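Q: As input, take coords_6.cif (mmCIF, C-alpha atoms):
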data_protein
#
loop_
_atom_site.group_PDB
_atom_site.id
_atom_site.type_symbol
_atom_site.label_atom_id
_atom_site.label_comp_id
_atom_site.auth_asym_id
_atom_site.auth_seq_id
_atom_site.Cartn_x
_atom_site.Cartn_y
_atom_site.Cartn_z
ATOM 1 C CA MET A 282 -37.749 -13.913 2.449
ATOM 2 C CA THR A 283 -37.006 -10.420 3.744
ATOM 3 C CA MET A 284 -33.512 -11.652 4.587
ATOM 4 C CA ALA A 285 -32.874 -12.678 0.971
ATOM 5 C CA TRP A 286 -34.256 -9.359 -0.216
ATOM 6 C CA LEU A 287 -31.959 -7.487 2.157
ATOM 7 C CA SER A 288 -28.865 -9.451 1.063
ATOM 8 C CA GLU A 289 -29.682 -8.890 -2.582
ATOM 9 C CA PHE A 290 -30.075 -5.185 -1.953
ATOM 10 C CA LEU A 291 -26.738 -5.045 -0.109
ATOM 11 C CA VAL A 292 -24.903 -6.972 -2.843
ATOM 12 C CA SER A 293 -26.360 -4.765 -5.594
ATOM 13 C CA ALA A 294 -25.451 -1.597 -3.724
ATOM 14 C CA LEU A 295 -21.850 -2.773 -3.247
ATOM 15 C CA ILE A 296 -21.540 -3.700 -6.945
ATOM 16 C CA LEU A 297 -22.792 -0.253 -7.952
ATOM 17 C CA ILE A 298 -20.394 1.495 -5.558
ATOM 18 C CA GLY A 299 -17.526 -0.640 -6.865
ATOM 19 C CA ALA A 300 -18.401 0.104 -10.471
ATOM 20 C CA PHE A 301 -18.586 3.833 -9.712
ATOM 21 C CA PHE A 302 -15.117 3.953 -8.165
ATOM 22 C CA LEU A 303 -13.606 1.821 -10.919
ATOM 23 C CA PHE A 304 -15.062 4.269 -13.413
ATOM 24 C CA VAL A 305 -13.591 7.208 -11.511
ATOM 25 C CA GLY A 306 -10.199 5.476 -11.491
ATOM 26 C CA SER A 307 -10.215 4.971 -15.241
ATOM 27 C CA PHE A 308 -11.606 8.445 -15.885
ATOM 28 C CA GLY A 309 -8.881 9.987 -13.720
ATOM 29 C CA LEU A 310 -6.247 8.056 -15.655
ATOM 30 C CA MET A 311 -7.571 9.651 -18.832
ATOM 31 C CA LYS A 312 -8.205 13.162 -17.520
ATOM 32 C CA LEU A 313 -5.250 14.050 -15.298
ATOM 33 C CA PRO A 314 -2.392 15.714 -17.178
ATOM 34 C CA ASP A 315 0.900 14.062 -16.128
ATOM 35 C CA ILE A 316 2.237 10.716 -14.986
ATOM 36 C CA MET A 317 2.554 11.464 -11.282
ATOM 37 C CA ARG A 318 -0.967 12.871 -11.057
ATOM 38 C CA ARG A 319 -2.281 9.970 -13.073
ATOM 39 C CA LEU A 320 -0.832 7.587 -10.498
ATOM 40 C CA HIS A 321 -3.265 8.881 -7.880
ATOM 41 C CA ALA A 322 -6.414 7.747 -9.639
ATOM 42 C CA PRO A 323 -5.644 4.026 -10.047
ATOM 43 C CA THR A 324 -3.861 3.560 -6.686
ATOM 44 C CA LYS A 325 -6.866 4.784 -4.737
ATOM 45 C CA SER A 326 -10.119 4.594 -6.609
ATOM 46 C CA THR A 327 -9.384 1.190 -8.069
ATOM 47 C CA THR A 328 -8.570 -0.433 -4.732
ATOM 48 C CA LEU A 329 -11.845 0.722 -3.189
ATOM 49 C CA GLY A 330 -13.735 -0.199 -6.364
ATOM 50 C CA ILE A 331 -12.349 -3.716 -6.532
ATOM 51 C CA GLY A 332 -12.619 -3.952 -2.738
ATOM 52 C CA SER A 333 -16.366 -3.380 -2.776
ATOM 53 C CA LEU A 334 -16.826 -5.755 -5.728
ATOM 54 C CA LEU A 335 -14.976 -8.444 -3.758
ATOM 55 C CA ILE A 336 -17.040 -7.818 -0.615
ATOM 56 C CA ALA A 337 -20.175 -8.048 -2.770
ATOM 57 C CA SER A 338 -18.952 -11.374 -4.167
ATOM 58 C CA MET A 339 -18.205 -12.711 -0.669
ATOM 59 C CA LEU A 340 -21.637 -11.679 0.619
ATOM 60 C CA TYR A 341 -23.352 -13.166 -2.431
ATOM 61 C CA PHE A 342 -21.720 -16.560 -2.041
ATOM 62 C CA ALA A 343 -22.036 -16.629 1.761
ATOM 63 C CA LEU A 344 -25.607 -15.346 2.142
ATOM 64 C CA LEU A 345 -27.435 -16.277 -1.062
ATOM 65 C CA ARG A 346 -25.620 -19.376 -2.310
ATOM 66 C CA ASP A 347 -24.444 -20.862 1.000
ATOM 67 C CA GLU A 348 -20.949 -21.489 -0.361
ATOM 68 C CA PRO A 349 -18.681 -19.243 1.729
ATOM 69 C CA SER A 350 -15.505 -18.363 -0.170
ATOM 70 C CA LEU A 351 -12.123 -17.065 0.987
ATOM 71 C CA HIS A 352 -10.640 -16.257 -2.429
ATOM 72 C CA GLU A 353 -11.852 -12.671 -2.284
ATOM 73 C CA LEU A 354 -10.024 -12.044 0.972
ATOM 74 C CA ILE A 355 -6.750 -13.206 -0.576
ATOM 75 C CA MET A 356 -7.344 -11.099 -3.686
ATOM 76 C CA SER A 357 -7.824 -7.949 -1.638
ATOM 77 C CA VAL A 358 -4.708 -8.703 0.432
ATOM 78 C CA PHE A 359 -2.611 -9.171 -2.725
ATOM 79 C CA LEU A 360 -4.108 -6.017 -4.225
ATOM 80 C CA PHE A 361 -3.265 -3.970 -1.143
ATOM 81 C CA LEU A 362 0.286 -5.341 -1.170
ATOM 82 C CA THR A 363 0.973 -4.825 -4.875
ATOM 83 C CA ALA A 364 -0.717 -1.483 -5.626
ATOM 84 C CA PRO A 365 1.632 0.694 -3.491
ATOM 85 C CA ILE A 366 4.727 -1.174 -4.714
ATOM 86 C CA THR A 367 3.764 -0.718 -8.357
ATOM 87 C CA ALA A 368 3.054 2.968 -7.800
ATOM 88 C CA HIS A 369 6.394 3.380 -6.014
ATOM 89 C CA MET A 370 8.293 1.699 -8.851
ATOM 90 C CA ILE A 371 6.556 3.799 -11.510
ATOM 91 C CA SER A 372 7.363 7.012 -9.653
ATOM 92 C CA LYS A 373 10.994 5.944 -9.152
ATOM 93 C CA ALA A 374 11.294 5.221 -12.866
ATOM 94 C CA HIS A 375 9.754 8.615 -13.594
ATOM 95 C CA ILE A 376 12.272 10.385 -11.339
ATOM 96 C CA LEU A 377 15.144 8.485 -12.985
ATOM 97 C CA ARG A 378 13.959 9.378 -16.497
ATOM 98 C CA SER A 379 13.205 13.076 -16.036
ATOM 99 C CA ARG A 380 16.229 15.419 -15.815
ATOM 100 C CA ALA A 381 14.042 18.497 -15.270
ATOM 101 C CA LEU A 382 12.303 16.848 -12.331
ATOM 102 C CA GLN A 383 15.623 15.836 -10.743
ATOM 103 C CA GLN A 384 16.624 19.506 -10.612
ATOM 104 C CA GLU A 385 13.506 20.686 -8.793
ATOM 105 C CA LEU A 386 13.014 17.856 -6.293
ATOM 106 C CA PRO A 387 13.239 18.962 -2.653
ATOM 107 C CA LYS A 388 16.335 17.621 -0.882
ATOM 108 C CA PRO A 389 16.134 15.032 1.927
ATOM 109 C CA PRO A 390 17.305 16.272 5.333
ATOM 110 C CA GLY A 391 20.078 13.657 5.727
ATOM 111 C CA GLU A 392 23.505 13.576 4.072
ATOM 112 C CA GLU A 393 22.511 11.243 1.233
ATOM 113 C CA GLY A 394 20.304 12.012 -1.761
ATOM 114 C CA TRP A 395 17.193 10.147 -2.882
ATOM 115 C CA ALA A 396 17.742 6.422 -3.296
ATOM 116 C CA THR A 397 16.822 6.409 -6.992
ATOM 117 C CA LEU A 398 19.457 8.975 -7.944
ATOM 118 C CA ASP A 399 22.063 8.198 -5.312
ATOM 119 C CA PRO A 400 22.279 4.438 -4.829
ATOM 120 C CA HIS A 401 25.610 4.722 -2.983
ATOM 121 C CA GLY A 402 23.796 4.834 0.292
ATOM 122 C CA VAL A 403 24.370 3.129 3.585
ATOM 123 C CA ASP A 404 25.804 -0.023 2.024
ATOM 124 C CA GLU A 405 28.217 1.232 -0.589
ATOM 125 C CA ALA A 406 29.527 -2.240 -1.327
ATOM 126 C CA ARG A 407 26.272 -3.245 -2.994
ATOM 127 C CA SER A 408 26.431 -0.919 -5.977
ATOM 128 C CA THR A 409 29.428 0.115 -8.030
ATOM 129 C CA GLU A 410 27.375 1.330 -10.994
ATOM 130 C CA PRO A 411 27.263 5.087 -11.678
ATOM 131 C CA ALA A 412 24.049 6.758 -10.565
ATOM 132 C CA GLN A 413 23.354 8.451 -13.879
ATOM 133 C CA PRO A 414 20.753 6.871 -16.168
ATOM 134 C CA PRO A 415 21.749 5.974 -19.755
ATOM 135 C CA ARG A 416 21.172 8.807 -22.186
ATOM 136 C CA MET B 166 12.495 -23.155 18.060
ATOM 137 C CA SER B 167 13.798 -20.068 16.311
ATOM 138 C CA LYS B 168 15.995 -22.286 14.098
ATOM 139 C CA LEU B 169 12.981 -24.219 12.865
ATOM 140 C CA LEU B 170 10.554 -21.285 12.737
ATOM 141 C CA PRO B 171 12.522 -18.110 11.942
ATOM 142 C CA HIS B 172 9.349 -16.121 11.276
ATOM 143 C CA PRO B 173 6.382 -17.689 13.114
ATOM 144 C CA ILE B 174 3.854 -15.084 11.925
ATOM 145 C CA LEU B 175 4.953 -15.552 8.305
ATOM 146 C CA THR B 176 4.404 -19.301 8.785
ATOM 147 C CA LEU B 177 0.829 -18.669 9.951
ATOM 148 C CA VAL B 178 0.173 -16.229 7.088
ATOM 149 C CA ILE B 179 1.471 -18.631 4.427
ATOM 150 C CA ALA B 180 -0.584 -21.514 5.865
ATOM 151 C CA PHE B 181 -3.711 -19.333 5.886
ATOM 152 C CA VAL B 182 -3.128 -18.067 2.337
ATOM 153 C CA PHE B 183 -2.665 -21.619 1.118
ATOM 154 C CA VAL B 184 -5.909 -22.817 2.736
ATOM 155 C CA ALA B 185 -7.721 -19.792 1.358
ATOM 156 C CA LEU B 186 -6.417 -20.480 -2.145
ATOM 157 C CA ILE B 187 -7.604 -24.091 -1.958
ATOM 158 C CA ASN B 188 -10.842 -22.646 -0.543
ATOM 159 C CA THR B 189 -11.835 -25.695 1.544
ATOM 160 C CA PHE B 190 -11.126 -26.362 5.212
ATOM 161 C CA SER B 191 -9.995 -29.970 4.881
ATOM 162 C CA LEU B 192 -7.359 -31.631 7.045
ATOM 163 C CA GLY B 193 -5.189 -32.292 3.977
ATOM 164 C CA SER B 194 -5.069 -28.685 2.804
ATOM 165 C CA MET B 195 -4.325 -27.449 6.335
ATOM 166 C CA LEU B 196 -1.503 -29.982 6.723
ATOM 167 C CA LEU B 197 0.047 -29.111 3.370
ATOM 168 C CA GLY B 198 -0.363 -25.403 4.173
ATOM 169 C CA GLY B 199 1.455 -26.011 7.443
ATOM 170 C CA VAL B 200 4.337 -27.812 5.724
ATOM 171 C CA ILE B 201 4.740 -25.042 3.124
ATOM 172 C CA GLY B 202 4.443 -22.461 5.900
ATOM 173 C CA VAL B 203 7.411 -24.020 7.703
ATOM 174 C CA ALA B 204 9.484 -24.636 4.565
ATOM 175 C CA ILE B 205 9.315 -21.211 2.887
ATOM 176 C CA PRO B 206 10.520 -19.147 5.906
ATOM 177 C CA LEU B 207 13.329 -21.675 6.396
ATOM 178 C CA PHE B 208 14.589 -21.236 2.834
ATOM 179 C CA THR B 209 14.108 -17.469 2.708
ATOM 180 C CA SER B 210 15.447 -16.578 6.164
ATOM 181 C CA PRO B 211 18.946 -15.717 4.792
ATOM 182 C CA TYR B 212 17.295 -12.829 2.902
ATOM 183 C CA TRP B 213 15.364 -11.627 5.945
ATOM 184 C CA PRO B 214 17.791 -12.066 8.839
ATOM 185 C CA VAL B 215 16.374 -9.691 11.464
ATOM 186 C CA SER B 216 12.759 -10.195 12.485
ATOM 187 C CA PRO B 217 10.827 -7.104 13.493
ATOM 188 C CA THR B 218 9.411 -7.190 16.998
ATOM 189 C CA ILE B 219 5.750 -6.267 17.287
ATOM 190 C CA ARG B 220 5.387 -4.790 20.719
ATOM 191 C CA ASN B 221 1.687 -4.163 20.810
ATOM 192 C CA PRO B 222 -0.660 -6.407 18.770
ATOM 193 C CA LEU B 223 -3.757 -4.419 19.825
ATOM 194 C CA LYS B 224 -2.267 -1.325 18.194
ATOM 195 C CA VAL B 225 -2.027 -3.285 14.920
ATOM 196 C CA VAL B 226 -5.808 -3.741 14.939
ATOM 197 C CA GLU B 227 -6.269 -0.029 15.639
ATOM 198 C CA TYR B 228 -3.862 0.882 12.827
ATOM 199 C CA VAL B 229 -5.607 -1.382 10.297
ATOM 200 C CA ALA B 230 -8.989 0.111 11.234
ATOM 201 C CA ILE B 231 -7.723 3.699 10.888
ATOM 202 C CA VAL B 232 -6.020 3.027 7.549
ATOM 203 C CA GLY B 233 -9.120 1.203 6.252
ATOM 204 C CA TRP B 234 -11.304 4.172 7.128
ATOM 205 C CA ASP B 235 -8.801 6.617 5.585
ATOM 206 C CA ILE B 236 -8.764 4.602 2.339
ATOM 207 C CA VAL B 237 -12.537 5.061 2.020
ATOM 208 C CA VAL B 238 -12.302 8.779 2.816
ATOM 209 C CA SER B 239 -9.399 9.328 0.413
ATOM 210 C CA ASN B 240 -11.269 7.553 -2.365
ATOM 211 C CA VAL B 241 -14.264 9.853 -2.032
ATOM 212 C CA GLN B 242 -11.918 12.860 -1.869
ATOM 213 C CA VAL B 243 -9.904 11.904 -4.951
ATOM 214 C CA ALA B 244 -13.092 10.956 -6.841
ATOM 215 C CA TYR B 245 -14.489 14.432 -6.105
ATOM 216 C CA TRP B 246 -11.320 16.158 -7.372
ATOM 217 C CA VAL B 247 -11.150 13.999 -10.491
ATOM 218 C CA LEU B 248 -14.806 14.433 -11.431
ATOM 219 C CA PHE B 249 -15.542 18.056 -10.537
ATOM 220 C CA TRP B 250 -12.285 20.016 -10.539
ATOM 221 C CA PRO B 251 -10.414 21.162 -13.629
ATOM 222 C CA SER B 252 -6.882 19.698 -13.502
ATOM 223 C CA ARG B 253 -5.159 23.084 -13.368
ATOM 224 C CA ARG B 254 -6.910 23.878 -10.070
ATOM 225 C CA LEU B 255 -5.025 21.027 -8.356
ATOM 226 C CA GLN B 256 -1.968 22.348 -6.509
ATOM 227 C CA THR B 257 0.323 19.387 -7.052
ATOM 228 C CA ARG B 258 3.706 19.296 -5.365
ATOM 229 C CA TYR B 259 6.351 17.126 -3.733
ATOM 230 C CA VAL B 260 6.857 17.236 0.023
ATOM 231 C CA VAL B 261 9.562 15.622 2.167
ATOM 232 C CA VAL B 262 8.515 13.629 5.220
ATOM 233 C CA PRO B 263 11.496 13.223 7.592
ATOM 234 C CA LEU B 264 11.451 9.805 9.263
ATOM 235 C CA GLU B 265 11.968 8.811 12.863
ATOM 236 C CA LEU B 266 11.302 5.146 12.113
ATOM 237 C CA THR B 267 14.372 2.986 11.590
ATOM 238 C CA SER B 268 13.048 -0.556 11.059
ATOM 239 C CA PRO B 269 12.821 -1.371 7.313
ATOM 240 C CA GLU B 270 9.500 -3.166 7.814
ATOM 241 C CA ALA B 271 7.976 -0.124 9.517
ATOM 242 C CA ILE B 272 9.225 2.220 6.764
ATOM 243 C CA ALA B 273 7.817 -0.074 4.062
ATOM 244 C CA LEU B 274 4.474 -0.135 5.858
ATOM 245 C CA LEU B 275 4.457 3.659 6.182
ATOM 246 C CA ALA B 276 5.281 4.098 2.478
ATOM 247 C CA GLY B 277 2.446 1.738 1.527
ATOM 248 C CA THR B 278 0.043 3.547 3.838
ATOM 249 C CA ILE B 279 0.970 6.931 2.350
ATOM 250 C CA THR B 280 0.216 5.642 -1.141
ATOM 251 C CA MET B 281 -3.182 4.258 -0.147
ATOM 252 C CA THR B 282 -4.420 7.307 1.784
ATOM 253 C CA PRO B 283 -5.608 10.863 1.079
ATOM 254 C CA GLY B 284 -4.161 12.310 -2.133
ATOM 255 C CA THR B 285 -0.546 11.202 -1.557
ATOM 256 C CA VAL B 286 1.820 8.752 -3.266
ATOM 257 C CA SER B 287 5.203 7.850 -1.779
ATOM 258 C CA ALA B 288 7.625 8.489 -4.637
ATOM 259 C CA ASP B 289 11.092 7.731 -3.279
ATOM 260 C CA LEU B 290 13.102 7.034 -0.147
ATOM 261 C CA ALA B 291 16.302 8.797 0.886
ATOM 262 C CA ALA B 292 19.377 6.602 0.404
ATOM 263 C CA ASP B 293 20.148 6.713 4.133
ATOM 264 C CA GLY B 294 16.497 6.087 5.074
ATOM 265 C CA SER B 295 16.080 9.498 6.692
ATOM 266 C CA ALA B 296 13.058 10.699 4.694
ATOM 267 C CA ILE B 297 10.300 9.722 2.271
ATOM 268 C CA LEU B 298 9.551 11.796 -0.827
ATOM 269 C CA VAL B 299 5.781 12.182 -1.094
ATOM 270 C CA HIS B 300 3.826 13.403 -4.094
ATOM 271 C CA CYS B 301 0.615 15.276 -3.153
ATOM 272 C CA LEU B 302 -2.209 15.496 -5.668
ATOM 273 C CA HIS B 303 -3.555 18.640 -4.059
ATOM 274 C CA THR B 304 -2.368 20.517 -0.996
ATOM 275 C CA THR B 305 -2.491 24.143 0.071
ATOM 276 C CA ASP B 306 -0.669 23.419 3.308
ATOM 277 C CA PRO B 307 2.438 21.195 2.759
ATOM 278 C CA ASP B 308 3.581 21.431 6.399
ATOM 279 C CA GLY B 309 0.126 20.360 7.547
ATOM 280 C CA THR B 310 0.220 17.321 5.252
ATOM 281 C CA VAL B 311 3.620 16.282 6.615
ATOM 282 C CA ALA B 312 2.430 16.805 10.200
ATOM 283 C CA GLN B 313 -0.689 14.737 9.525
ATOM 284 C CA ILE B 314 1.345 11.826 8.118
ATOM 285 C CA LYS B 315 3.693 11.978 11.095
ATOM 286 C CA THR B 316 1.061 12.146 13.830
ATOM 287 C CA ARG B 317 -1.555 9.888 12.277
ATOM 288 C CA TYR B 318 0.587 7.049 10.893
ATOM 289 C CA GLU B 319 4.230 7.318 11.910
ATOM 290 C CA ARG B 320 3.468 7.812 15.610
ATOM 291 C CA ARG B 321 1.286 4.673 15.635
ATOM 292 C CA LEU B 322 3.869 2.622 13.698
ATOM 293 C CA LYS B 323 6.478 3.725 16.214
ATOM 294 C CA GLU B 324 4.262 2.429 19.010
ATOM 295 C CA ILE B 325 3.826 -0.874 17.158
ATOM 296 C CA PHE B 326 7.457 -1.511 16.187
ATOM 297 C CA GLY B 327 9.160 0.376 18.988
#
Can you dump the structure from the file as structure tokens?

A:
Amino acid sequence: MTMAWLSEFLVSALILIGAFFLFVGSFGLMKLPDIMRRLHAPTKSTTLGIGSLLIASMLYFALLRDEPSLHELIMSVFLFLTAPITAHMISKAHILRSRALQQELPKPPGEEGWATLDPHGVDEARSTEPAQPPR
Amino acid sequence: MSKLLPHPILTLVIAFVFVALINTFSLGSMLLGGVIGVAIPLFTSPYWPVSPTIRNPLKVVEYVAIVGWDIVVSNVQVAYWVLFWPSRRLQTRYVVVPLELTSPEAIALLAGTITMTPGTVSADLAADGSAILVHCLHTTDPDGTVAQIKTRYERRLKEIFG
């Protein structure tokens, strides 16, 4: 009986923590002023928020319903793989779109520029398109 | 051996993902998972010709633990900034992290780690792979941030991938 009480308490706590961080993620998306700063809120807060919801779901099914489930594990793996890639693509698109930003970016230490603006990199054969975005 | 299984770890991962998606440990699902796990690396190996060598599997466990902990810390940190700080107080800027890593897999892992951890998003990679452009939500000490990324993550990835 105490065991069930303890599991229920744990699951509820994890759901509340998850909900809190999901709220912070959405609130940050609304509050922060520009696209790059807005990227920070969903890449971080949302992963931890959904992460704790998934752990809560796993604990609930394993401890209280006796039906252990692996779906949550896969969801968190996919989430951790896709969130950074999406953020990277959004920031690359932002760099490509914004002329003002391109002027003030710090330069990389090597001979080549940033990959988004200077795709003629190591393998020149791959791209013959000009680096400039359409106006 | 290497002809049939070009990426043995990928085979294991695909088989496990398949079983987890089916969500039951039956012989049939494991067998089918195994077949798919052998077939997919075979068909995709032309696009991934050079396998990375993982020199130290124990270090992988250590790295995952450290990154997991940092994700929790960074979430609390970013939540605090978002909720209690006015946006104009955030000193947002780009920093350049020069890379010593050369393996594409290691660089991809580092870029993903940077995005998931304290107040940083990896924004772009240099065309010759010599540096990552990192966007910091708030930093008063850009050199310190770069040094932290290099010592905390890049050094460990270098130990893992060699």

Q: Between CA of Thr324 (chain A) and CA of Leu351 (chain A), what is the distance, to one decimal in Å?

A: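 Between CA of Thr324 (chain A) and CA of Leu351 (chain A) the gap works out to 23.5 Å.
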
Q: Do you know which residues are at most 12 Å from Val232 (chain B) counting all atoms listed in the file, after dropping those on the same chain fewer than 5 positions away, and could you put them as a PDB file with C-alpha atoms, in the frame of the given file?

A:
ATOM      1  CA  PHE A 361      -3.265  -3.970  -1.143  1.00  0.00           C
TER       2      PHE A 361
ATOM      3  CA  VAL B 225      -2.027  -3.285  14.920  1.00  0.00           C
ATOM      4  CA  VAL B 226      -5.808  -3.741  14.939  1.00  0.00           C
ATOM      5  CA  GLU B 227      -6.269  -0.029  15.639  1.00  0.00           C
ATOM      6  CA  VAL B 237     -12.537   5.061   2.020  1.00  0.00           C
ATOM      7  CA  VAL B 238     -12.302   8.779   2.816  1.00  0.00           C
ATOM      8  CA  SER B 239      -9.399   9.328   0.413  1.00  0.00           C
ATOM      9  CA  LEU B 274       4.474  -0.135   5.858  1.00  0.00           C
ATOM     10  CA  LEU B 275       4.457   3.659   6.182  1.00  0.00           C
ATOM     11  CA  GLY B 277       2.446   1.738   1.527  1.00  0.00           C
ATOM     12  CA  THR B 278       0.043   3.547   3.838  1.00  0.00           C
ATOM     13  CA  ILE B 279       0.970   6.931   2.350  1.00  0.00           C
ATOM     14  CA  THR B 280       0.216   5.642  -1.141  1.00  0.00           C
ATOM     15  CA  MET B 281      -3.182   4.258  -0.147  1.00  0.00           C
ATOM     16  CA  THR B 282      -4.420   7.307   1.784  1.00  0.00           C
ATOM     17  CA  PRO B 283      -5.608  10.863   1.079  1.00  0.00           C
ATOM     18  CA  ILE B 314       1.345  11.826   8.118  1.00  0.00           C
ATOM     19  CA  ARG B 317      -1.555   9.888  12.277  1.00  0.00           C
ATOM     20  CA  TYR B 318       0.587   7.049  10.893  1.00  0.00           C
ATOM     21  CA  GLU B 319       4.230   7.318  11.910  1.00  0.00           C
ATOM     22  CA  ARG B 321       1.286   4.673  15.635  1.00  0.00           C
ATOM     23  CA  LEU B 322       3.869   2.622  13.698  1.00  0.00           C
TER      24      LEU B 322
END

Q: Which residues, named as in the file, does the PyMOL selection byres ((chain A) within 7 of (chain B)) pick out? Answer as a compact mmCIF listing (two decimals) with C-alpha atoms, in the frame of the given file.

A:
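Everything below was put into result.txt:
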# COMPACT_ATOMS: atom_id res chain seq x y z
CA VAL A 305 -13.59 7.21 -11.51
CA GLY A 309 -8.88 9.99 -13.72
CA LEU A 313 -5.25 14.05 -15.30
CA ARG A 318 -0.97 12.87 -11.06
CA HIS A 321 -3.26 8.88 -7.88
CA THR A 324 -3.86 3.56 -6.69
CA LYS A 325 -6.87 4.78 -4.74
CA SER A 326 -10.12 4.59 -6.61
CA LEU A 329 -11.84 0.72 -3.19
CA SER A 350 -15.50 -18.36 -0.17
CA LEU A 351 -12.12 -17.07 0.99
CA HIS A 352 -10.64 -16.26 -2.43
CA ILE A 355 -6.75 -13.21 -0.58
CA PRO A 365 1.63 0.69 -3.49
CA HIS A 369 6.39 3.38 -6.01
CA SER A 372 7.36 7.01 -9.65
CA LYS A 373 10.99 5.94 -9.15
CA PRO A 387 13.24 18.96 -2.65
CA PRO A 389 16.13 15.03 1.93
CA PRO A 390 17.30 16.27 5.33
CA GLY A 391 20.08 13.66 5.73
CA GLU A 393 22.51 11.24 1.23
CA GLY A 394 20.30 12.01 -1.76
CA TRP A 395 17.19 10.15 -2.88
CA ALA A 396 17.74 6.42 -3.30
CA THR A 397 16.82 6.41 -6.99
CA ASP A 399 22.06 8.20 -5.31
CA PRO A 400 22.28 4.44 -4.83
CA GLY A 402 23.80 4.83 0.29
CA VAL A 403 24.37 3.13 3.58

Q: What separation in Å, quoted to one decimal, exists between CA of Thr304 (chain B) and CA of Gln256 (chain B)?

A: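 Rounded to one decimal, the two atoms are 5.8 Å apart.
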
Q: How far is it from CA of Val229 (chain B) to CA of Pro269 (chain B), in Å with one decimal?

A: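 About the pair CA of Val229 (chain B) and CA of Pro269 (chain B): they are 18.7 Å apart.
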
Q: Expanded to explicit residues, what is the PyMOL selection byres ((chain A and resi 353) around 12) for this file, as a PyMOL selection string?

A: (chain A and resi 331-343+349-352+354-360) or (chain B and resi 182+185-186+188)

Q: At a cut-off of 12 Å from (17.1, -8.4, 6.9) in the coordinates of the file, what residues are picked up using only C-alpha atoms, written as a PyMOL selection string?

A: chain B and resi 171-172+209-217+268-270

Q: Counting all atoms listed in the file, figure out which residue out of B:Ile219, B:Ala230, B:Leu266, B:Leu175 gets nearest to Gly198 (chain B).

A: B:Leu175

Q: Apply the PyMOL selection byres ((chain B and resi 220) around 7) to the structure shown and report the selected residues as number ranges by chain.

A: B: 218-219, 221-222, 325-327
